[in-house]
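Asker: Quick one, target.txt (compact mmCIF, C-alpha atoms):
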```txt
# COMPACT_ATOMS: atom_id res chain seq x y z
CA MET E 18 26.97 25.89 -4.36
CA GLU E 19 24.98 27.05 -7.36
CA SER E 20 23.20 30.39 -7.15
CA THR E 21 20.26 31.41 -9.33
CA ALA E 22 18.78 34.88 -8.91
CA GLY E 23 15.22 35.73 -9.90
CA ALA E 24 11.65 35.99 -8.76
CA GLY E 25 9.19 33.14 -8.34
CA GLN E 26 8.39 30.80 -5.47
CA LEU E 27 10.06 27.84 -3.80
CA LEU E 28 7.32 25.19 -3.74
CA ALA E 29 7.13 21.66 -2.32
CA ILE E 30 5.11 18.46 -2.55
CA SER E 31 5.61 14.85 -1.47
CA ASP E 32 3.95 11.44 -1.28
CA LEU E 33 2.48 11.60 -4.76
CA HIS E 34 1.95 7.81 -4.92
CA ILE E 35 1.05 7.85 -8.59
CA SER E 36 0.26 4.14 -8.75
CA TYR E 37 -3.20 5.48 -7.89
CA PRO E 38 -4.79 6.88 -11.11
CA GLU E 39 -6.39 9.72 -9.12
CA ASN E 40 -2.96 10.82 -7.90
CA ARG E 41 -1.50 10.63 -11.39
CA GLU E 42 -4.26 12.98 -12.50
CA LEU E 43 -3.27 15.40 -9.73
CA VAL E 44 0.33 15.40 -10.98
CA GLU E 45 -0.82 16.10 -14.53
CA LYS E 46 -2.47 19.29 -13.24
CA MET E 47 0.43 20.53 -11.09
CA ARG E 48 2.06 23.56 -12.67
CA PRO E 49 4.17 26.54 -11.62
CA GLU E 50 2.73 30.02 -11.32
CA SER E 51 5.78 31.58 -12.97
CA ASP E 52 8.76 30.58 -15.08
CA GLU E 53 11.00 31.11 -12.03
CA ASP E 54 9.33 28.63 -9.64
CA TRP E 55 11.37 25.82 -8.09
CA LEU E 56 9.83 22.57 -6.85
CA ILE E 57 10.97 20.28 -4.03
CA VAL E 58 9.72 16.69 -4.35
CA ALA E 59 10.19 15.17 -0.88
CA GLY E 60 9.87 11.49 -1.65
CA ASP E 61 7.38 8.69 -2.23
CA VAL E 62 6.81 9.45 -5.88
CA ALA E 63 6.08 5.84 -6.79
CA GLU E 64 7.19 2.22 -6.39
CA THR E 65 8.57 1.70 -9.91
CA VAL E 66 11.43 3.42 -11.68
CA ALA E 67 9.27 4.03 -14.75
CA ASP E 68 6.67 5.92 -12.71
CA ILE E 69 9.35 7.91 -10.87
CA ARG E 70 10.86 8.87 -14.21
CA TRP E 71 7.50 10.01 -15.57
CA VAL E 72 6.82 12.30 -12.60
CA LEU E 73 10.28 13.85 -12.42
CA GLU E 74 10.48 14.29 -16.18
CA THR E 75 7.06 15.95 -16.15
CA PHE E 76 8.10 18.36 -13.40
CA ALA E 77 11.51 19.04 -14.96
CA GLY E 78 9.73 20.23 -18.09
CA ARG E 79 7.56 22.66 -16.14
CA PHE E 80 9.65 24.12 -13.29
CA ARG E 81 12.82 26.19 -13.40
CA LYS E 82 14.49 23.77 -11.00
CA VAL E 83 13.38 20.49 -9.43
CA LEU E 84 14.94 18.94 -6.32
CA TRP E 85 14.21 15.35 -5.27
CA ALA E 86 14.79 13.50 -2.01
CA PRO E 87 13.95 9.78 -1.87
CA GLY E 88 11.11 8.35 0.14
CA ASN E 89 10.84 4.80 1.37
CA HIS E 90 8.47 3.78 -1.46
CA ASP E 91 10.96 5.06 -4.04
CA LEU E 92 13.59 2.77 -2.52
CA TRP E 93 11.44 -0.35 -2.35
CA THR E 94 12.44 -3.33 -4.48
CA HIS E 95 8.84 -3.96 -5.47
CA PRO E 96 7.71 -7.17 -7.21
CA LYS E 97 5.88 -5.05 -9.81
CA ASP E 98 9.06 -3.20 -10.80
CA PRO E 99 11.23 -4.82 -13.50
CA VAL E 100 14.18 -2.90 -12.01
CA THR E 101 15.28 -5.32 -9.29
CA LEU E 102 18.14 -3.30 -7.82
CA ARG E 103 18.32 -3.21 -4.02
CA GLY E 104 19.49 -0.74 -1.42
CA VAL E 105 22.33 1.61 -2.36
CA ALA E 106 22.36 0.32 -5.94
CA ARG E 107 18.70 1.31 -6.38
CA TYR E 108 19.30 4.73 -4.84
CA ASP E 109 22.32 5.29 -7.10
CA HIS E 110 20.22 4.27 -10.10
CA LEU E 111 17.59 6.88 -9.18
CA VAL E 112 20.29 9.52 -8.71
CA GLY E 113 21.55 8.71 -12.20
CA LEU E 114 18.02 9.04 -13.57
CA CYS E 115 17.67 12.45 -11.91
CA ARG E 116 20.94 13.67 -13.36
CA GLU E 117 19.80 12.58 -16.80
CA LEU E 118 16.67 14.71 -16.31
CA GLY E 119 18.45 17.68 -14.74
CA VAL E 120 16.82 17.09 -11.34
CA LEU E 121 18.94 17.83 -8.25
CA THR E 122 19.42 15.12 -5.61
CA PRO E 123 21.01 14.82 -2.15
CA GLU E 124 24.26 13.93 -3.95
CA ASP E 125 24.53 17.24 -5.81
CA PRO E 126 25.82 20.66 -4.68
CA TYR E 127 23.10 22.45 -2.73
CA PRO E 128 21.63 25.36 -4.71
CA VAL E 129 20.94 28.81 -3.25
CA TRP E 130 17.43 30.20 -3.61
CA GLU E 131 17.77 33.92 -4.28
CA GLY E 132 14.16 34.65 -5.13
CA PRO E 133 11.62 36.23 -2.74
CA GLY E 134 12.30 35.15 0.84
CA GLY E 135 15.92 34.32 0.06
CA PRO E 136 18.77 33.90 -0.02
CA ALA E 137 18.69 30.41 1.46
CA VAL E 138 20.51 27.17 0.79
CA VAL E 139 18.06 24.46 -0.30
CA ALA E 140 19.32 21.03 0.70
CA PRO E 141 17.51 17.84 -0.32
CA LEU E 142 18.23 15.19 2.31
CA PHE E 143 18.43 11.40 2.31
CA LEU E 144 18.74 10.27 5.93
CA LEU E 145 16.48 7.22 6.47
CA TYR E 146 15.60 6.13 10.03
CA ASP E 147 17.16 4.00 12.75
CA TYR E 148 14.25 2.85 14.96
CA SER E 149 15.18 5.40 17.63
CA PHE E 150 11.61 6.84 17.71
CA LEU E 151 10.59 3.97 19.97
CA PRO E 152 7.10 3.29 21.32
CA ALA E 153 6.50 4.22 24.94
CA GLY E 154 7.84 1.57 27.28
CA CYS E 155 10.27 0.11 24.72
CA ALA E 156 14.01 0.48 25.21
CA THR E 157 15.40 -1.28 22.12
CA LYS E 158 14.63 -1.80 18.44
CA GLU E 159 13.80 -5.42 19.18
CA GLU E 160 11.27 -4.45 21.83
CA GLY E 161 9.78 -1.82 19.54
CA LEU E 162 9.41 -4.23 16.62
CA ALA E 163 7.88 -6.87 18.87
CA TYR E 164 5.35 -4.33 20.10
CA ALA E 165 4.57 -3.22 16.54
CA HIS E 166 4.07 -6.79 15.37
CA GLY E 167 1.77 -7.30 18.33
CA THR E 168 -0.42 -4.40 17.21
CA GLY E 169 -0.25 -5.35 13.53
CA ILE E 170 1.22 -1.96 12.55
CA VAL E 171 4.42 -2.87 10.70
CA CYS E 172 5.83 -0.80 7.85
CA ASN E 173 6.26 -2.66 4.55
CA ASP E 174 9.83 -1.40 4.54
CA GLU E 175 10.59 -4.47 6.64
CA TYR E 176 9.95 -6.57 3.54
CA LEU E 177 10.70 -4.27 0.59
CA LEU E 178 13.36 -1.70 1.58
CA HIS E 179 16.72 -3.46 1.54
CA PRO E 180 19.87 -1.82 2.96
CA ASP E 181 22.42 -3.68 0.78
CA PRO E 182 25.38 -3.56 1.10
CA TYR E 183 24.85 -2.26 4.66
CA PRO E 184 23.93 -4.95 7.20
CA SER E 185 20.85 -3.02 8.38
CA ARG E 186 18.72 0.03 7.65
CA GLU E 187 20.03 1.70 10.79
CA ASP E 188 23.63 1.26 9.57
CA TRP E 189 22.66 2.86 6.27
CA CYS E 190 20.95 5.65 8.21
CA ARG E 191 24.05 6.24 10.32
CA ALA E 192 26.23 6.59 7.23
CA ARG E 193 23.77 8.96 5.58
CA VAL E 194 23.47 11.14 8.69
CA GLU E 195 27.23 11.40 9.15
CA GLU E 196 27.90 12.38 5.53
CA THR E 197 25.01 14.86 5.41
CA GLU E 198 26.02 16.41 8.72
CA ARG E 199 29.52 16.97 7.37
CA ARG E 200 28.21 18.70 4.25
CA LEU E 201 25.77 20.92 6.16
CA ALA E 202 28.51 21.97 8.59
CA GLU E 203 30.53 23.29 5.64
CA LEU E 204 27.81 25.71 4.49
CA PRO E 205 28.35 29.47 4.94
CA GLU E 206 27.27 30.51 8.41
CA ASP E 207 25.55 33.64 7.13
CA LEU E 208 22.99 31.73 5.03
CA PRO E 209 19.77 30.20 6.36
CA THR E 210 18.74 26.80 5.04
CA VAL E 211 15.70 24.96 3.81
CA LEU E 212 16.24 21.29 4.66
CA ALA E 213 13.96 18.99 2.68
CA GLY E 214 13.72 15.26 3.20
CA HIS E 215 11.14 12.53 3.40
CA TYR E 216 11.35 12.30 7.20
CA PRO E 217 11.11 15.09 9.81
CA LEU E 218 14.31 16.02 11.63
CA ASP E 219 12.52 15.86 14.98
CA ARG E 220 10.02 13.41 16.41
CA HIS E 221 7.31 15.92 17.37
CA PRO E 222 5.33 15.67 14.09
CA THR E 223 4.67 12.00 14.82
CA ASP E 224 2.85 12.79 18.06
CA VAL E 225 -0.48 12.94 16.21
CA LEU E 226 -0.25 9.52 14.58
CA TRP E 227 -3.21 7.24 15.15
CA TYR E 228 -0.70 4.43 15.68
CA PRO E 229 2.29 5.84 17.57
CA GLU E 230 4.37 2.72 16.95
CA PHE E 231 4.68 3.75 13.28
CA ALA E 232 7.04 6.52 14.43
CA MET E 233 9.86 3.94 14.42
CA TRP E 234 9.94 4.23 10.62
CA CYS E 235 9.81 8.05 10.62
CA GLY E 236 13.28 9.38 11.41
CA THR E 237 16.18 9.40 13.83
CA THR E 238 17.05 11.15 17.08
CA ARG E 239 20.48 11.87 15.57
CA THR E 240 18.99 14.90 13.76
CA ALA E 241 16.95 16.30 16.66
CA ASP E 242 19.03 19.50 16.92
CA TRP E 243 19.68 20.11 13.24
CA HIS E 244 16.91 22.69 12.91
CA ARG E 245 18.87 24.83 15.40
CA ARG E 246 22.42 23.93 14.37
CA PHE E 247 22.00 24.57 10.67
CA ARG E 248 20.02 27.82 10.70
CA VAL E 249 16.88 26.21 9.30
CA ALA E 250 14.21 28.57 8.01
CA THR E 251 11.87 25.70 7.09
CA MET E 252 12.11 21.94 7.47
CA VAL E 253 10.16 20.30 4.60
CA TYR E 254 9.09 16.68 4.95
CA GLY E 255 6.37 14.17 4.07
CA HIS E 256 5.78 10.49 4.91
CA LEU E 257 3.12 11.01 7.58
CA HIS E 258 0.29 11.86 5.16
CA ILE E 259 -0.84 14.57 7.57
CA PRO E 260 -0.18 17.87 5.76
CA ARG E 261 0.21 20.69 8.27
CA THR E 262 2.54 23.31 9.69
CA THR E 263 4.12 23.05 13.14
CA TRP E 264 6.76 25.11 14.90
CA LEU E 265 9.64 24.00 17.12
CA ASP E 266 12.14 26.41 18.69
CA GLY E 267 10.84 29.06 16.30
CA VAL E 268 11.52 26.86 13.26
CA ARG E 269 8.78 26.00 10.80
CA PHE E 270 8.19 22.31 10.01
CA GLU E 271 6.07 21.82 6.88
CA GLU E 272 4.51 18.45 6.02
CA VAL E 273 3.72 18.62 2.29
CA SER E 274 2.30 15.21 1.39
CA VAL E 275 -0.58 14.38 -0.93
CA GLY E 276 -1.18 10.86 0.41
CA TYR E 277 -3.60 8.23 -0.81
CA PRO E 278 -6.96 9.11 -2.43
CA ARG E 279 -8.91 7.67 0.51
CA GLU E 280 -7.02 10.13 2.72
CA TRP E 281 -7.11 13.34 0.68
CA ARG E 282 -10.77 12.92 -0.21
CA LYS E 283 -11.58 13.47 3.49
CA ARG E 284 -9.84 16.84 3.57
CA SER E 285 -11.10 20.22 2.49
CA GLY E 286 -9.17 22.14 -0.10
CA ASP E 287 -7.16 21.16 -3.15
CA PRO E 288 -5.26 17.87 -2.63
CA GLY E 289 -2.81 18.78 -5.39
CA ARG E 290 -1.91 22.22 -4.05
CA LEU E 291 1.82 22.85 -4.11
CA ARG E 292 2.95 24.21 -0.73
CA ARG E 293 4.82 27.49 -0.78
CA ILE E 294 8.02 27.39 1.28
CA LEU E 295 9.59 30.71 0.24
CA PRO E 296 8.48 33.40 0.50
CA MET E 297 6.69 32.21 3.61
CA GLU E 298 2.91 32.28 3.40
CA VAL E 299 1.34 35.07 5.46
CA GLY E 300 -0.36 33.74 8.57
CA THR E 301 1.31 30.34 8.43
CA GLY E 302 0.48 28.58 11.66
CA ASP E 303 -0.24 25.10 12.96
CA ARG E 304 -2.75 23.71 10.51
CA GLY E 305 -2.54 20.35 12.19
CA ALA E 306 -5.32 17.87 11.67
CA ALA E 307 -6.77 15.86 14.48
CA PRO E 308 -4.71 12.75 15.27
CA GLY E 309 -4.86 10.34 12.39
CA VAL E 310 -6.79 12.56 9.99
CA GLY E 311 -5.56 11.78 6.51
CA GLY E 312 -4.71 8.25 7.55
CA GLY E 313 -1.73 9.12 9.74
CA ARG E 314 0.13 6.29 7.96
CA GLY E 315 -2.06 3.98 10.01
CA ASP E 316 -2.21 1.45 7.19
CA ALA E 317 1.56 0.87 7.70
CA ARG E 318 2.20 0.80 3.98
```
Could you write out this file's structure as structure tokens?

Answerer:
Amino acid sequence: MESTAGAGQLLAISDLHISYPENRELVEKMRPESDEDWLIVAGDVAETVADIRWVLETFAGRFRKVLWAPGNHDLWTHPKDPVTLRGVARYDHLVGLCRELGVLTPEDPYPVWEGPGGPAVVAPLFLLYDYSFLPAGCATKEEGLAYAHGTGIVCNDEYLLHPDPYPSREDWCRARVEETERRLAELPEDLPTVLAGHYPLDRHPTDVLWYPEFAMWCGTTRTADWHRRFRVATMVYGHLHIPRTTWLDGVRFEEVSVGYPREWRKRSGDPGRLRRILPMEVGTGDRGAAPGVGGGRGDAR
């Protein structure tokens, strides 16, 4: 593990979706408050490799350290992207891009934040989902997907996120969970962790979705106890487009997404505000929006 002492803040953001010009403008304005600030980018930067490169290169030139975890949009093989790689090959390509830029990924040694609020291991995660967050009354993936198709709320991952060479997304998820679990178990037991991925480790943040069936594309029950097992100080995630703080078993879960312009325009405050993870913000509590505020991923994109 790499250790970097200093002051500054550990900040986070996700779901930048810079294919929207308004969101690109937000990124252009995002800057650290000190030369020692680190930034976690928890997925869904963009749908094309060129746009992902622009964002991460921009941040790498501004922040002391940048950590990236992939979101589902980053992994799409999108018809607008000239890079046609699929599945693991696309992910590996993005990891290579990050290494070229000096951005840390889930494949790199986890750094130790030793600034204010530390020390803490900061671990970017790539875990995917396995359809285990099933809709009420459904017992299998097939039943859940049938229900979702019946409501018309189906994630575009079904058409654009390919698991190659794994036979399914849930098989890819299983492999990612097993490898990540092994690495986290090897961390020093005297250090707390900040786990940062695109999806929450536990299902509870999805309880406020306008369309509960979308939870199937939001994580896995395999990680439901990780916030306790791995001494988590804060679990950072995105994907839901409902920025808020919740607590589970005394552990802080922080949703840090920007979301789409039609969503963030409805909210008060600065849509491009970087969320401070460490040191913890004074008075941090459940800033949860009403169910579905901010879109709640109800457009199933």

Asker: List the spatial neighbours of Ala192 of chain E as an mmCIF file with C-alpha atoms, keeping the file's coordinate frame - criterion: any atom at most 12 Å away, all atoms listed in the file, same-chain residues fewer than 3 positions off excluded.

Answerer:
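Writing done, so here's out_3.cif:
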```
data_model
loop_
_atom_site.group_PDB
_atom_site.id
_atom_site.type_symbol
_atom_site.label_atom_id
_atom_site.label_comp_id
_atom_site.auth_asym_id
_atom_site.auth_seq_id
_atom_site.Cartn_x
_atom_site.Cartn_y
_atom_site.Cartn_z
ATOM 1 C CA VAL E 105 22.330 1.610 -2.360
ATOM 2 C CA PHE E 143 18.430 11.400 2.310
ATOM 3 C CA LEU E 144 18.740 10.270 5.930
ATOM 4 C CA LEU E 145 16.480 7.220 6.470
ATOM 5 C CA TYR E 146 15.600 6.130 10.030
ATOM 6 C CA ASP E 147 17.160 4.000 12.750
ATOM 7 C CA PRO E 180 19.870 -1.820 2.960
ATOM 8 C CA PRO E 182 25.380 -3.560 1.100
ATOM 9 C CA TYR E 183 24.850 -2.260 4.660
ATOM 10 C CA PRO E 184 23.930 -4.950 7.200
ATOM 11 C CA SER E 185 20.850 -3.020 8.380
ATOM 12 C CA ARG E 186 18.720 0.030 7.650
ATOM 13 C CA GLU E 187 20.030 1.700 10.790
ATOM 14 C CA ASP E 188 23.630 1.260 9.570
ATOM 15 C CA TRP E 189 22.660 2.860 6.270
ATOM 16 C CA GLU E 195 27.230 11.400 9.150
ATOM 17 C CA GLU E 196 27.900 12.380 5.530
ATOM 18 C CA THR E 197 25.010 14.860 5.410
ATOM 19 C CA GLU E 198 26.020 16.410 8.720
ATOM 20 C CA ARG E 199 29.520 16.970 7.370
ATOM 21 C CA ARG E 239 20.480 11.870 15.570
#
```

Asker: Would you please work out which residue, of E:Leu28, E:Val211, E:Ala59, E:Ala106, is nearest to Leu178 of chain E when using all atoms listed in the file?

Answerer: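 Selected residue with least distance to Leu178 of chain E: E:Ala106.
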
Asker: One decimal, Å: what's the distance from atom CA of Ala165 of chain E over to atom CA of Glu230 of chain E, could you say?

Answerer: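 Separation between atom CA of Ala165 of chain E and atom CA of Glu230 of chain E: 6.0 Å.
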
Asker: I'd like the contact shell of segment 268-281 of chain E - 6 Å cut-off, all atoms listed in the file, skipping same-chain residues fewer than 3 positions apart - returned as an MDAnalysis selection string.

Answerer: chainID E and resid 30:33 251:255 258 260:265 284 288 311:312

Asker: Any idea what the distance is between atom CA of Tyr164 of chain E and atom CA of Leu257 of chain E?

Answerer: 19.9 Å

Asker: Given the choices E:Phe231, E:Gly104, E:Pro141, E:Ala213, which gets closest to Cys190 of chain E if the distance is worked out from all atoms listed in the file?

Answerer: E:Gly104

Asker: Excluding Phe80 of chain E and its own-chain neighbours fewer than 4 positions away, which residues fall within 7 Å of it when counting all atoms listed in the file? Please give them as a PyMOL selection string.

Answerer: chain E and resi 49+52+54-56+76

Asker: Using all atoms listed in the file, which residues sit within 10 Å of Trp243 of chain E once same-chain residues fewer than 3 positions away are excluded, as a PyMOL selection string?

Answerer: chain E and resi 198+201+212+218-219+239-240+246-249+252

Asker: Calculate how many Å separate atom CA of Glu50 of chain E from atom CA of His215 of chain E, rounding to one decimal.

Answerer: 24.4 Å

Asker: Could you check which residues have any atom within 10 Å of (0.2, 7.9, -8.7), counting all atoms listed in the file with coordinates taken straight from the file, and then list them as a short mmCIF file (atom, residue, chain, number, x, y, z; two decimals) with C-alpha atoms, in the frame of the given file?

Answerer:
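Result written to selection-v3.cif:
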```cif
data_model
loop_
_atom_site.label_atom_id
_atom_site.label_comp_id
_atom_site.auth_asym_id
_atom_site.auth_seq_id
_atom_site.Cartn_x
_atom_site.Cartn_y
_atom_site.Cartn_z
CA ASP E 32 3.95 11.44 -1.28
CA LEU E 33 2.48 11.60 -4.76
CA HIS E 34 1.95 7.81 -4.92
CA ILE E 35 1.05 7.85 -8.59
CA SER E 36 0.26 4.14 -8.75
CA TYR E 37 -3.20 5.48 -7.89
CA PRO E 38 -4.79 6.88 -11.11
CA GLU E 39 -6.39 9.72 -9.12
CA ASN E 40 -2.96 10.82 -7.90
CA ARG E 41 -1.50 10.63 -11.39
CA GLU E 42 -4.26 12.98 -12.50
CA LEU E 43 -3.27 15.40 -9.73
CA VAL E 44 0.33 15.40 -10.98
CA ASP E 61 7.38 8.69 -2.23
CA VAL E 62 6.81 9.45 -5.88
CA ALA E 63 6.08 5.84 -6.79
CA GLU E 64 7.19 2.22 -6.39
CA ASP E 68 6.67 5.92 -12.71
CA ILE E 69 9.35 7.91 -10.87
CA VAL E 72 6.82 12.30 -12.60
CA GLY E 276 -1.18 10.86 0.41
CA TYR E 277 -3.60 8.23 -0.81
CA PRO E 278 -6.96 9.11 -2.43
#
```

Asker: Applying 7 Å and all atoms listed in the file, which residues near segment 232-235 of chain E remain after dropping the ones on its own chain fewer than 3 positions away? List them as JSON, numbers by chain.

Answerer: {"E": [146, 148, 149, 150, 151, 216, 223, 229]}
